[in-house]
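structure19.cif, holding mmCIF, C-alpha atoms:
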```
data_coords
#
loop_
_atom_site.label_atom_id
_atom_site.label_comp_id
_atom_site.auth_asym_id
_atom_site.auth_seq_id
_atom_site.Cartn_x
_atom_site.Cartn_y
_atom_site.Cartn_z
CA MET A 1 0.00 0.00 0.00
CA ASP A 2 1.41 3.46 -0.90
CA THR A 3 1.53 5.41 2.29
CA VAL A 4 4.38 7.44 3.69
CA ALA A 5 6.91 5.45 1.84
CA GLY A 6 5.16 6.16 -1.44
CA ARG A 7 4.88 9.98 -1.12
CA PRO A 8 8.32 11.09 -2.33
CA HIS A 9 7.88 8.82 -5.30
CA ALA A 10 4.41 10.36 -6.02
CA ILE A 11 5.77 13.92 -5.86
CA HIS A 12 8.55 12.96 -8.22
CA ALA A 13 5.98 11.45 -10.59
CA ASP A 14 3.98 14.75 -10.48
CA ALA A 15 6.98 16.79 -11.58
CA GLY A 16 5.96 18.93 -14.53
CA VAL A 17 2.27 17.96 -14.41
CA ILE A 18 1.13 21.28 -12.93
CA THR A 19 3.24 23.11 -15.47
CA ALA A 20 1.64 21.09 -18.23
CA VAL A 21 -1.87 22.06 -17.05
CA GLU A 22 -0.82 25.67 -16.85
CA MET A 23 0.74 25.38 -20.28
CA LEU A 24 -2.68 24.26 -21.53
CA TYR A 25 -4.19 27.49 -20.22
CA LEU A 26 -1.34 29.38 -21.79
CA LEU A 27 -1.98 27.65 -25.09
CA LEU A 28 -5.66 28.62 -24.89
CA PHE A 29 -4.66 32.19 -24.16
CA GLY A 30 -2.30 32.06 -27.14
CA LEU A 31 -5.05 30.76 -29.42
CA VAL A 32 -7.48 33.46 -28.28
CA ALA A 33 -4.78 36.07 -28.79
CA LEU A 34 -4.09 34.69 -32.25
CA LEU A 35 -7.80 34.89 -33.13
CA PHE A 36 -7.91 38.45 -31.82
CA LEU A 37 -4.90 39.46 -33.92
CA GLY A 38 -6.54 37.82 -36.94
CA TYR A 39 -9.72 39.80 -36.19
CA LEU A 40 -7.73 43.05 -36.06
CA GLY A 41 -5.97 42.21 -39.33
CA ARG A 42 -9.23 41.42 -41.15
CA LEU A 43 -10.81 44.57 -39.71
CA HIS A 44 -7.94 46.60 -41.10
CA ALA A 45 -8.20 44.85 -44.47
CA ALA A 46 -11.94 45.63 -44.57
CA SER A 47 -11.36 49.30 -43.79
CA ILE A 48 -8.71 49.50 -46.52
CA GLN A 49 -11.15 47.89 -48.97
CA ILE A 50 -13.85 50.43 -48.09
CA GLN A 51 -11.34 53.27 -48.31
CA ASN A 52 -10.32 52.05 -51.78
CA ALA A 53 -13.96 51.87 -52.86
CA SER A 54 -14.68 55.39 -51.58
CA GLN A 55 -11.68 56.75 -53.48
CA ALA A 56 -12.71 54.96 -56.68
CA ALA A 57 -16.31 56.17 -56.28
CA ALA A 58 -15.23 59.77 -55.64
CA ARG A 59 -12.92 59.65 -58.66
CA ALA A 60 -15.74 58.30 -60.84
CA ALA A 61 -18.07 61.00 -59.54
CA SER A 62 -15.50 63.71 -60.26
CA LEU A 63 -15.42 62.67 -63.91
CA SER A 64 -19.19 63.11 -64.32
CA THR A 65 -20.74 66.11 -66.00
CA ASP A 66 -23.40 66.81 -63.34
CA PRO A 67 -24.44 65.69 -59.82
CA GLU A 68 -27.05 63.22 -61.14
CA GLY A 69 -24.45 61.53 -63.30
CA ALA A 70 -22.10 61.52 -60.33
CA THR A 71 -24.66 59.71 -58.18
CA ARG A 72 -25.09 57.09 -60.90
CA ALA A 73 -21.31 56.75 -61.23
CA VAL A 74 -20.97 56.19 -57.48
CA ASP A 75 -23.66 53.50 -57.50
CA GLU A 76 -22.07 51.76 -60.48
CA THR A 77 -18.61 51.89 -58.92
CA ILE A 78 -19.84 50.40 -55.65
CA ALA A 79 -21.80 47.72 -57.50
CA ALA A 80 -18.67 46.79 -59.45
CA SER A 81 -16.62 46.48 -56.25
CA ALA A 82 -16.59 43.45 -53.94
CA LEU A 83 -18.23 45.40 -51.12
CA GLY A 84 -21.62 43.72 -51.64
CA ALA A 85 -20.28 40.42 -50.38
CA ARG A 86 -18.24 42.03 -47.63
CA CYS A 87 -21.06 44.15 -46.20
CA GLY A 88 -23.87 41.62 -46.57
CA GLY A 89 -26.40 44.12 -47.91
CA ARG A 90 -25.80 46.73 -45.20
CA LEU A 91 -23.99 49.14 -47.45
CA SER A 92 -24.80 52.79 -48.03
CA SER A 93 -23.15 55.75 -49.73
CA GLU A 94 -23.52 59.50 -49.55
CA LEU A 95 -22.44 62.06 -52.10
CA ASP A 96 -21.72 65.63 -51.13
CA TRP A 97 -20.23 68.27 -53.38
CA SER A 98 -18.98 71.83 -53.11
CA PRO A 99 -19.40 74.12 -56.10
CA SER A 100 -16.55 75.94 -57.81
CA PRO A 101 -15.95 79.64 -57.03
CA THR A 102 -18.32 80.42 -59.93
CA GLY A 103 -21.02 78.18 -58.42
CA ASP A 104 -20.79 75.39 -60.99
CA TRP A 105 -20.39 71.62 -60.65
CA GLN A 106 -17.33 71.70 -62.89
CA GLY A 107 -14.31 72.93 -60.95
CA GLY A 108 -15.80 72.10 -57.54
CA SER A 109 -15.07 69.13 -55.34
CA VAL A 110 -17.02 65.99 -54.53
CA THR A 111 -16.91 63.85 -51.39
CA VAL A 112 -18.16 60.28 -51.29
CA THR A 113 -18.72 58.57 -47.94
CA ILE A 114 -19.28 54.82 -47.83
CA SER A 115 -20.68 53.10 -44.79
CA CYS A 116 -20.45 49.32 -44.48
CA THR A 117 -21.59 47.09 -41.63
CA VAL A 118 -19.46 43.97 -41.27
CA THR A 119 -20.39 41.05 -39.05
CA ASN A 120 -17.83 40.10 -36.41
CA ASP A 121 -18.23 36.50 -37.59
CA SER A 122 -16.64 37.29 -40.92
CA LEU A 123 -13.80 39.19 -39.25
CA ALA A 124 -12.93 36.72 -36.51
CA GLY A 125 -13.31 33.54 -38.53
CA VAL A 126 -15.24 31.89 -35.68
CA TRP A 127 -18.66 32.59 -34.21
CA THR A 128 -18.63 36.04 -32.65
CA PRO A 129 -21.67 38.14 -31.76
CA GLY A 130 -22.30 41.65 -33.05
CA ASN A 131 -21.04 43.65 -35.98
CA ARG A 132 -19.00 46.73 -36.77
CA THR A 133 -19.78 49.67 -39.00
CA ILE A 134 -16.85 51.00 -41.00
CA ARG A 135 -17.03 54.39 -42.70
CA ALA A 136 -14.60 55.87 -45.20
CA SER A 137 -14.77 59.03 -47.25
CA ASP A 138 -12.72 60.55 -50.01
CA THR A 139 -12.74 63.97 -51.68
CA GLN A 140 -11.75 64.57 -55.30
CA PRO A 141 -11.61 67.70 -57.46
CA ILE A 142 -14.27 67.72 -60.17
CA ASP A 143 -12.88 67.79 -63.66
CA ARG A 144 -13.29 71.35 -64.88
CA TYR A 145 -13.41 70.54 -68.57
CA GLN A 146 -15.62 67.44 -68.52
CA ARG A 147 -18.55 67.82 -70.92
CA MET B 1 33.85 24.15 5.10
CA SER B 2 31.72 24.16 2.02
CA SER B 3 28.48 22.21 1.97
CA THR B 4 27.02 20.71 -1.18
CA PRO B 5 23.52 22.08 -1.86
CA SER B 6 20.84 19.49 -1.60
CA PRO B 7 19.33 18.58 -4.97
CA ARG B 8 15.91 20.21 -5.57
CA PRO B 9 13.05 18.15 -6.93
CA ASP B 10 12.01 18.73 -10.58
CA CYS B 11 8.77 20.47 -9.62
CA GLU B 12 10.77 23.01 -7.62
CA ARG B 13 13.05 23.73 -10.58
CA ASP B 14 9.99 24.39 -12.84
CA ARG B 15 8.55 26.96 -10.43
CA GLY B 16 8.30 30.42 -12.01
CA SER B 17 9.08 29.36 -15.56
CA LEU B 18 5.45 29.80 -16.64
CA THR B 19 5.47 33.41 -15.48
CA ILE B 20 8.32 34.16 -17.86
CA ILE B 21 6.56 32.39 -20.73
CA ALA B 22 3.31 34.27 -19.97
CA ILE B 23 5.13 37.59 -19.94
CA LEU B 24 6.88 36.78 -23.22
CA LEU B 25 3.60 35.68 -24.82
CA THR B 26 1.86 38.86 -23.66
CA LEU B 27 4.70 40.95 -25.09
CA VAL B 28 4.46 39.08 -28.41
CA CYS B 29 0.69 39.68 -28.50
CA LEU B 30 1.11 43.38 -27.75
CA ALA B 31 3.83 43.66 -30.41
CA GLY B 32 1.58 41.87 -32.92
CA GLY B 33 -1.32 44.14 -32.03
CA ALA B 34 0.88 47.21 -32.41
CA LEU B 35 2.11 45.98 -35.78
CA ILE B 36 -1.40 45.31 -37.07
CA VAL B 37 -3.39 48.16 -35.53
CA ASP B 38 -0.89 51.01 -35.37
CA GLY B 39 0.89 49.90 -38.54
CA GLY B 40 -2.50 49.75 -40.25
CA ARG B 41 -3.41 53.20 -38.99
CA ALA B 42 -0.09 54.53 -40.26
CA MET B 43 -0.62 52.95 -43.69
CA SER B 44 -4.18 54.25 -43.84
CA ALA B 45 -3.10 57.77 -42.85
CA ARG B 46 -0.30 57.72 -45.39
CA ARG B 47 -2.70 56.61 -48.10
CA HIS B 48 -5.17 59.36 -47.15
CA ALA B 49 -2.41 61.96 -47.04
CA ALA B 50 -1.04 60.90 -50.43
CA GLY B 51 -4.52 60.90 -52.00
CA THR B 52 -5.34 64.31 -50.55
CA ALA B 53 -1.97 65.74 -51.61
CA GLU B 54 -2.46 64.54 -55.19
CA ALA B 55 -6.05 65.77 -55.30
CA SER B 56 -5.08 69.17 -53.82
CA ALA B 57 -2.35 69.60 -56.40
CA ARG B 58 -4.73 68.58 -59.19
CA TYR B 59 -7.40 70.97 -57.88
CA ALA B 60 -4.94 73.87 -57.77
CA VAL B 61 -3.73 73.13 -61.30
CA ALA B 62 -7.21 72.49 -62.70
CA THR B 63 -8.25 76.07 -62.04
CA LEU B 64 -5.46 77.39 -64.26
CA SER B 65 -5.79 78.19 -67.92
CA LEU B 66 -3.78 80.02 -70.52
CA ALA B 67 -6.31 82.86 -70.31
CA SER B 68 -6.19 83.03 -66.51
CA PRO B 69 -2.78 82.04 -65.21
CA ALA B 70 -2.77 82.34 -61.44
CA ASP B 71 0.03 83.57 -59.21
CA ASP B 72 1.71 81.38 -56.62
CA THR B 73 -0.32 82.82 -53.74
CA THR B 74 -3.62 81.97 -55.43
CA ILE B 75 -2.42 78.46 -56.31
CA ARG B 76 -1.41 77.87 -52.68
CA ALA B 77 -4.74 79.21 -51.43
CA ARG B 78 -6.64 76.83 -53.73
CA ALA B 79 -4.62 73.81 -52.65
CA VAL B 80 -5.10 74.69 -48.97
CA ALA B 81 -8.85 75.24 -49.50
CA PHE B 82 -9.22 71.82 -51.09
CA ALA B 83 -7.17 70.10 -48.39
CA ALA B 84 -9.37 71.76 -45.75
CA ARG B 85 -12.45 70.24 -47.43
CA ALA B 86 -10.72 66.84 -47.19
CA GLY B 87 -10.20 67.34 -43.46
CA VAL B 88 -6.58 68.56 -43.40
CA SER B 89 -5.81 71.71 -41.43
CA ALA B 90 -3.87 74.57 -43.04
CA ASP B 91 -0.93 74.01 -40.67
CA ASP B 92 -0.39 70.52 -42.04
CA ILE B 93 -0.11 71.40 -45.70
CA ASP B 94 2.89 72.74 -47.56
CA VAL B 95 2.53 73.93 -51.14
CA ALA B 96 5.39 74.63 -53.52
CA VAL B 97 4.99 75.96 -57.04
CA VAL B 98 7.79 75.06 -59.41
CA ASP B 99 7.81 77.20 -62.52
CA ALA B 100 8.91 75.59 -65.75
CA VAL B 101 8.89 76.59 -69.39
CA ASP B 102 5.89 74.40 -70.20
CA GLY B 103 3.86 75.50 -67.18
CA PRO B 104 3.88 75.40 -63.38
CA THR B 105 4.05 72.22 -61.32
CA VAL B 106 2.29 72.26 -57.97
CA VAL B 107 3.85 70.08 -55.28
CA VAL B 108 1.74 69.53 -52.15
CA THR B 109 3.07 67.91 -48.99
CA ILE B 110 0.59 66.88 -46.34
CA THR B 111 1.33 65.87 -42.77
CA GLU B 112 -1.07 63.76 -40.73
CA HIS B 113 -0.92 62.84 -37.05
CA PRO B 114 -2.92 59.66 -36.51
CA THR B 115 -3.36 58.55 -32.91
CA THR B 116 -1.93 55.23 -31.77
CA VAL B 117 -3.58 52.44 -29.81
CA PHE B 118 -0.83 50.06 -28.70
CA LEU B 119 2.16 52.38 -29.09
CA THR B 120 0.59 54.63 -26.47
CA LEU B 121 1.88 52.07 -23.97
CA GLY B 122 5.38 52.99 -25.11
CA GLY B 123 4.71 56.71 -24.77
CA ALA B 124 3.98 57.54 -28.40
CA SER B 125 0.39 58.77 -28.51
CA THR B 126 0.55 60.02 -32.11
CA MET B 127 2.50 59.27 -35.27
CA THR B 128 3.66 61.76 -37.89
CA ILE B 129 3.06 60.81 -41.50
CA HIS B 130 4.17 62.82 -44.55
CA ALA B 131 3.04 62.33 -48.14
CA THR B 132 3.64 64.34 -51.29
CA GLY B 133 1.63 64.71 -54.46
CA SER B 134 2.18 66.86 -57.52
CA ALA B 135 0.35 67.98 -60.62
CA ARG B 136 1.58 69.82 -63.70
CA PHE B 137 -0.37 72.27 -65.79
CA VAL B 138 -0.53 70.88 -69.32
CA TYR B 139 -2.29 72.56 -72.18
CA SER B 140 -3.07 70.75 -75.37
CA THR B 141 -5.28 71.54 -78.35
#
```

Just dump the structure as structure tokens.
Amino acid sequence: MDTVAGRPHAIHADAGVITAVEMLYLLLFGLVALLFLGYLGRLHAASIQIQNASQAAARAASLSTDPEGATRAVDETIAASALGARCGGRLSSELDWSPSPTGDWQGGSVTVTISCTVTNDSLAGVWTPGNRTIRASDTQPIDRYQR
Amino acid sequence: MSSTPSPRPDCERDRGSLTIIAILLTLVCLAGGALIVDGGRAMSARRHAAGTAEASARYAVATLSLASPADDTTIRARAVAFAARAGVSADDIDVAVVDAVDGPTVVVTITEHPTTVFLTLGGASTMTIHATGSARFVYST
């Protein structure tokens, strides 16, 4: 029967076991941290994608001959981008423009703001509740000689 | 008389090693976070600054014509006005007009100061980003 005589042997057999359990917790912490870093990276990639789309949309709008054409150009640019899949239907855009010193569209500037709601699921790669709304805007000078 | 230290059991020798590993892992996570978040913010700010600088230069040049050549002061004012509409303050924009035979070239340098998230722990609460854009007045028939 393992009594007093068995104890030193049992302690020796336990050597490293507690560390191994703690290492398991550490591994879990590492995995969670890795997921969090992946989430941050995908969030940054999404914001860059939306920033790119807003710049492309503003540039397209700046090449239009009037505000109505600019609105159409923005819609077409966003539709041609991959934002539809990224935002899951929760995508909106605003167009705002400042006239030139003479009060015309040509020679002014146009700002396009894109708002996209991304689910945390798609950013984290695992089930995560909630979502994030990313906004990006870009301003471009309107082509003065576009007719 | 020197005495030989008694051998410590294995579990005693392991004591404290996990603390060091945990600290190292936390440092690695913070460094990774800083690289992703603050690096991303820096890249994003640089991209915005470069885009705004190019657009400001283009805006300043686009208002020129052979019939109405503007002076340097007016060109600068136009570039600054456009940058202000894009959210850049007048203190953070530098405009240079380089005169050439075939027309002026406007060079705009924009400075942005994005805030940091992880680098704040190291004492750097903001970053300084510079970007330059230029546009040349070209006339063709």

Could you list the residues chosen by the PyMOL selection byres ((chain A and resi 118) around 6) in this structure as a short mmCIF file (atom, residue, chain, number, x, y, z; two decimals) with C-alpha atoms, in the frame of the given file?
```
data_model
loop_
_atom_site.label_atom_id
_atom_site.label_comp_id
_atom_site.auth_asym_id
_atom_site.auth_seq_id
_atom_site.Cartn_x
_atom_site.Cartn_y
_atom_site.Cartn_z
CA CYS A 87 -21.06 44.15 -46.20
CA THR A 117 -21.59 47.09 -41.63
CA THR A 119 -20.39 41.05 -39.05
CA ASN A 131 -21.04 43.65 -35.98
CA ARG A 132 -19.00 46.73 -36.77
#
```

Would you mind listing what lies within 12 Å of A:Leu63 as an MDAnalysis selection string, with only C-alpha atoms counted and same-chain residues fewer than 3 positions away left out? chainID A and resid 56:60 66:74 105:110 140:147

Could you check which of B:Leu66, B:Leu18, B:Val61, B:Leu119 is closest to chain A, using only C-alpha atoms?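 Looking at the shortest contact to chain A, the residue is B:Leu18.
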
Between B:Leu30, B:Gly133, B:Glu54, B:Tyr59, single out the one closest to chain A, counting only C-alpha atoms.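 Among the listed residues, the smallest separation from chain A belongs to B:Tyr59.
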
Interface rows for chain B against chain A: nearest pair, Å to one decimal, 10 Å, only C-alpha atoms, as a tab-separated table:
```
residue	atom	partner	partner_atom	distance
B:Pro9	CA	A:His12	CA	7.0
B:Asp10	CA	A:Ala15	CA	5.5
B:Cys11	CA	A:Ala15	CA	4.5
B:Glu12	CA	A:Ala15	CA	8.3
B:Arg13	CA	A:Ala15	CA	9.3
B:Asp14	CA	A:Gly16	CA	7.0
B:Arg15	CA	A:Thr19	CA	8.3
B:Gly16	CA	A:Thr19	CA	9.5
B:Ser17	CA	A:Thr19	CA	8.6
B:Leu18	CA	A:Thr19	CA	7.1
B:Ile21	CA	A:Leu26	CA	8.5
B:Ala22	CA	A:Leu26	CA	7.0
B:Leu25	CA	A:Gly30	CA	7.3
B:Thr26	CA	A:Gly30	CA	8.7
B:Val28	CA	A:Ala33	CA	9.7
B:Cys29	CA	A:Ala33	CA	6.6
B:Leu30	CA	A:Ala33	CA	9.4
B:Gly32	CA	A:Leu37	CA	7.0
B:Gly33	CA	A:Leu37	CA	6.2
B:Ala34	CA	A:Leu37	CA	9.8
B:Leu35	CA	A:Gly41	CA	9.6
B:Ile36	CA	A:Gly41	CA	6.0
B:Val37	CA	A:Leu40	CA	6.7
B:Gly39	CA	A:His44	CA	9.8
B:Gly40	CA	A:His44	CA	6.3
B:Arg41	CA	A:His44	CA	8.3
B:Met43	CA	A:Ile48	CA	9.2
B:Ser44	CA	A:Ile48	CA	7.1
B:Arg47	CA	A:Gln51	CA	9.3
B:His48	CA	A:Asp138	CA	8.2
B:Gly51	CA	A:Gln55	CA	8.4
B:Thr52	CA	A:Thr139	CA	7.5
B:Glu54	CA	A:Gln140	CA	9.3
B:Ala55	CA	A:Gln140	CA	5.8
B:Ser56	CA	A:Pro141	CA	7.6
B:Ala57	CA	A:Pro141	CA	9.5
B:Arg58	CA	A:Pro141	CA	7.1
B:Tyr59	CA	A:Pro141	CA	5.3
B:Ala60	CA	A:Pro141	CA	9.1
B:Ala62	CA	A:Arg144	CA	6.6
B:Thr63	CA	A:Gly107	CA	6.9
B:Leu64	CA	A:Arg144	CA	9.9
B:Phe82	CA	A:Ser109	CA	7.7
B:Ala83	CA	A:Thr139	CA	8.9
B:Arg85	CA	A:Thr139	CA	7.6
B:Ala86	CA	A:Thr139	CA	5.7
B:Gly87	CA	A:Thr139	CA	9.2
```

Please identify all polymer residues within 7 Å of B:Asp38, counting all atoms listed in the file, omitting same-chain residues fewer than 6 positions from it, and present them as a PyMOL selection string. chain B and resi 116-118

List the neighbours of B:Ala96 out to 12 Å using only C-alpha atoms; skip same-chain residues closer than 2 positions along the sequence, and give me the result as a list in words.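 Once the adjacent positions are removed, what remains is Ala53, Ser56, Ala57, Ala60, Asp71, Asp72, Thr73, Thr74, Ile75, Arg76, Ala77, Ala79, Val80, Ile93, Asp94, Val98, Asp99, Pro104, Thr105, Val106, Val107, Val108, Thr109, Ile110, Thr132, Gly133, Ser134, Ala135 and Arg136 of chain B.
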
Give as a PyMOL selection string the residues that the PyMOL selection byres ((chain B and resi 115) around 8) matches when applied to the coordinates above. chain B and resi 113-114+116-117+125-127

Let me make sure I understand: among A:Val126, A:Asp104, A:Gly84, A:Ile134, which one has the smallest atom-to-atom distance to A:Thr65 if we use all atoms listed in the file? A:Asp104

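Counting from atom CA of B:Asp102, the distance to atom CA of B:Ala70 is 14.7 Å.
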
Which residues come within 8 Å of A:Gly125, counting all atoms listed in the file, excluding same-chain residues fewer than 4 positions away, as an MDAnalysis selection string? chainID A and resid 35 39 121

Write out N, CA and C atoms for stretch 40-63 of chain A, as a tab-separated table (two decimals), in the frame of the given file.
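After the write, rebuild30.tsv holds the following:
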```
chain	number	residue	atom	x	y	z
A	40	LEU	N	-8.23	41.69	-35.82
A	40	LEU	CA	-7.73	43.05	-36.06
A	40	LEU	C	-7.22	43.19	-37.50
A	41	GLY	N	-6.51	42.17	-37.97
A	41	GLY	CA	-5.97	42.21	-39.33
A	41	GLY	C	-7.07	42.27	-40.37
A	42	ARG	N	-8.11	41.43	-40.19
A	42	ARG	CA	-9.23	41.42	-41.15
A	42	ARG	C	-10.02	42.72	-41.07
A	43	LEU	N	-10.11	43.28	-39.87
A	43	LEU	CA	-10.81	44.57	-39.71
A	43	LEU	C	-10.07	45.66	-40.48
A	44	HIS	N	-8.75	45.62	-40.37
A	44	HIS	CA	-7.94	46.60	-41.10
A	44	HIS	C	-8.08	46.39	-42.61
A	45	ALA	N	-8.06	45.14	-43.03
A	45	ALA	CA	-8.20	44.85	-44.47
A	45	ALA	C	-9.56	45.34	-44.98
A	46	ALA	N	-10.60	45.16	-44.16
A	46	ALA	CA	-11.94	45.63	-44.57
A	46	ALA	C	-11.97	47.14	-44.68
A	47	SER	N	-11.34	47.83	-43.74
A	47	SER	CA	-11.36	49.30	-43.79
A	47	SER	C	-10.57	49.81	-44.99
A	48	ILE	N	-9.48	49.11	-45.34
A	48	ILE	CA	-8.71	49.50	-46.52
A	48	ILE	C	-9.56	49.30	-47.79
A	49	GLN	N	-10.30	48.18	-47.81
A	49	GLN	CA	-11.15	47.89	-48.97
A	49	GLN	C	-12.23	48.97	-49.14
A	50	ILE	N	-12.80	49.40	-48.03
A	50	ILE	CA	-13.85	50.43	-48.09
A	50	ILE	C	-13.24	51.78	-48.45
A	51	GLN	N	-12.04	52.03	-47.95
A	51	GLN	CA	-11.34	53.27	-48.31
A	51	GLN	C	-11.04	53.29	-49.81
A	52	ASN	N	-10.59	52.16	-50.34
A	52	ASN	CA	-10.32	52.05	-51.78
A	52	ASN	C	-11.58	52.32	-52.58
A	53	ALA	N	-12.69	51.71	-52.13
A	53	ALA	CA	-13.96	51.87	-52.86
A	53	ALA	C	-14.42	53.32	-52.82
A	54	SER	N	-14.25	53.98	-51.67
A	54	SER	CA	-14.68	55.39	-51.58
A	54	SER	C	-13.84	56.27	-52.48
A	55	GLN	N	-12.55	55.95	-52.59
A	55	GLN	CA	-11.68	56.75	-53.48
A	55	GLN	C	-12.08	56.52	-54.94
A	56	ALA	N	-12.31	55.27	-55.29
A	56	ALA	CA	-12.71	54.96	-56.68
A	56	ALA	C	-14.05	55.62	-57.01
A	57	ALA	N	-14.98	55.58	-56.05
A	57	ALA	CA	-16.31	56.17	-56.28
A	57	ALA	C	-16.21	57.69	-56.42
A	58	ALA	N	-15.39	58.31	-55.56
A	58	ALA	CA	-15.23	59.77	-55.64
A	58	ALA	C	-14.56	60.17	-56.96
A	59	ARG	N	-13.61	59.36	-57.39
A	59	ARG	CA	-12.92	59.65	-58.66
A	59	ARG	C	-13.91	59.52	-59.82
A	60	ALA	N	-14.73	58.48	-59.78
A	60	ALA	CA	-15.74	58.30	-60.84
A	60	ALA	C	-16.73	59.46	-60.83
A	61	ALA	N	-17.12	59.88	-59.64
A	61	ALA	CA	-18.07	61.00	-59.54
A	61	ALA	C	-17.45	62.29	-60.08
A	62	SER	N	-16.16	62.47	-59.83
A	62	SER	CA	-15.50	63.71	-60.26
A	62	SER	C	-15.38	63.80	-61.77
A	63	LEU	N	-15.52	62.66	-62.46
A	63	LEU	CA	-15.42	62.67	-63.91
A	63	LEU	C	-16.79	62.82	-64.58
```
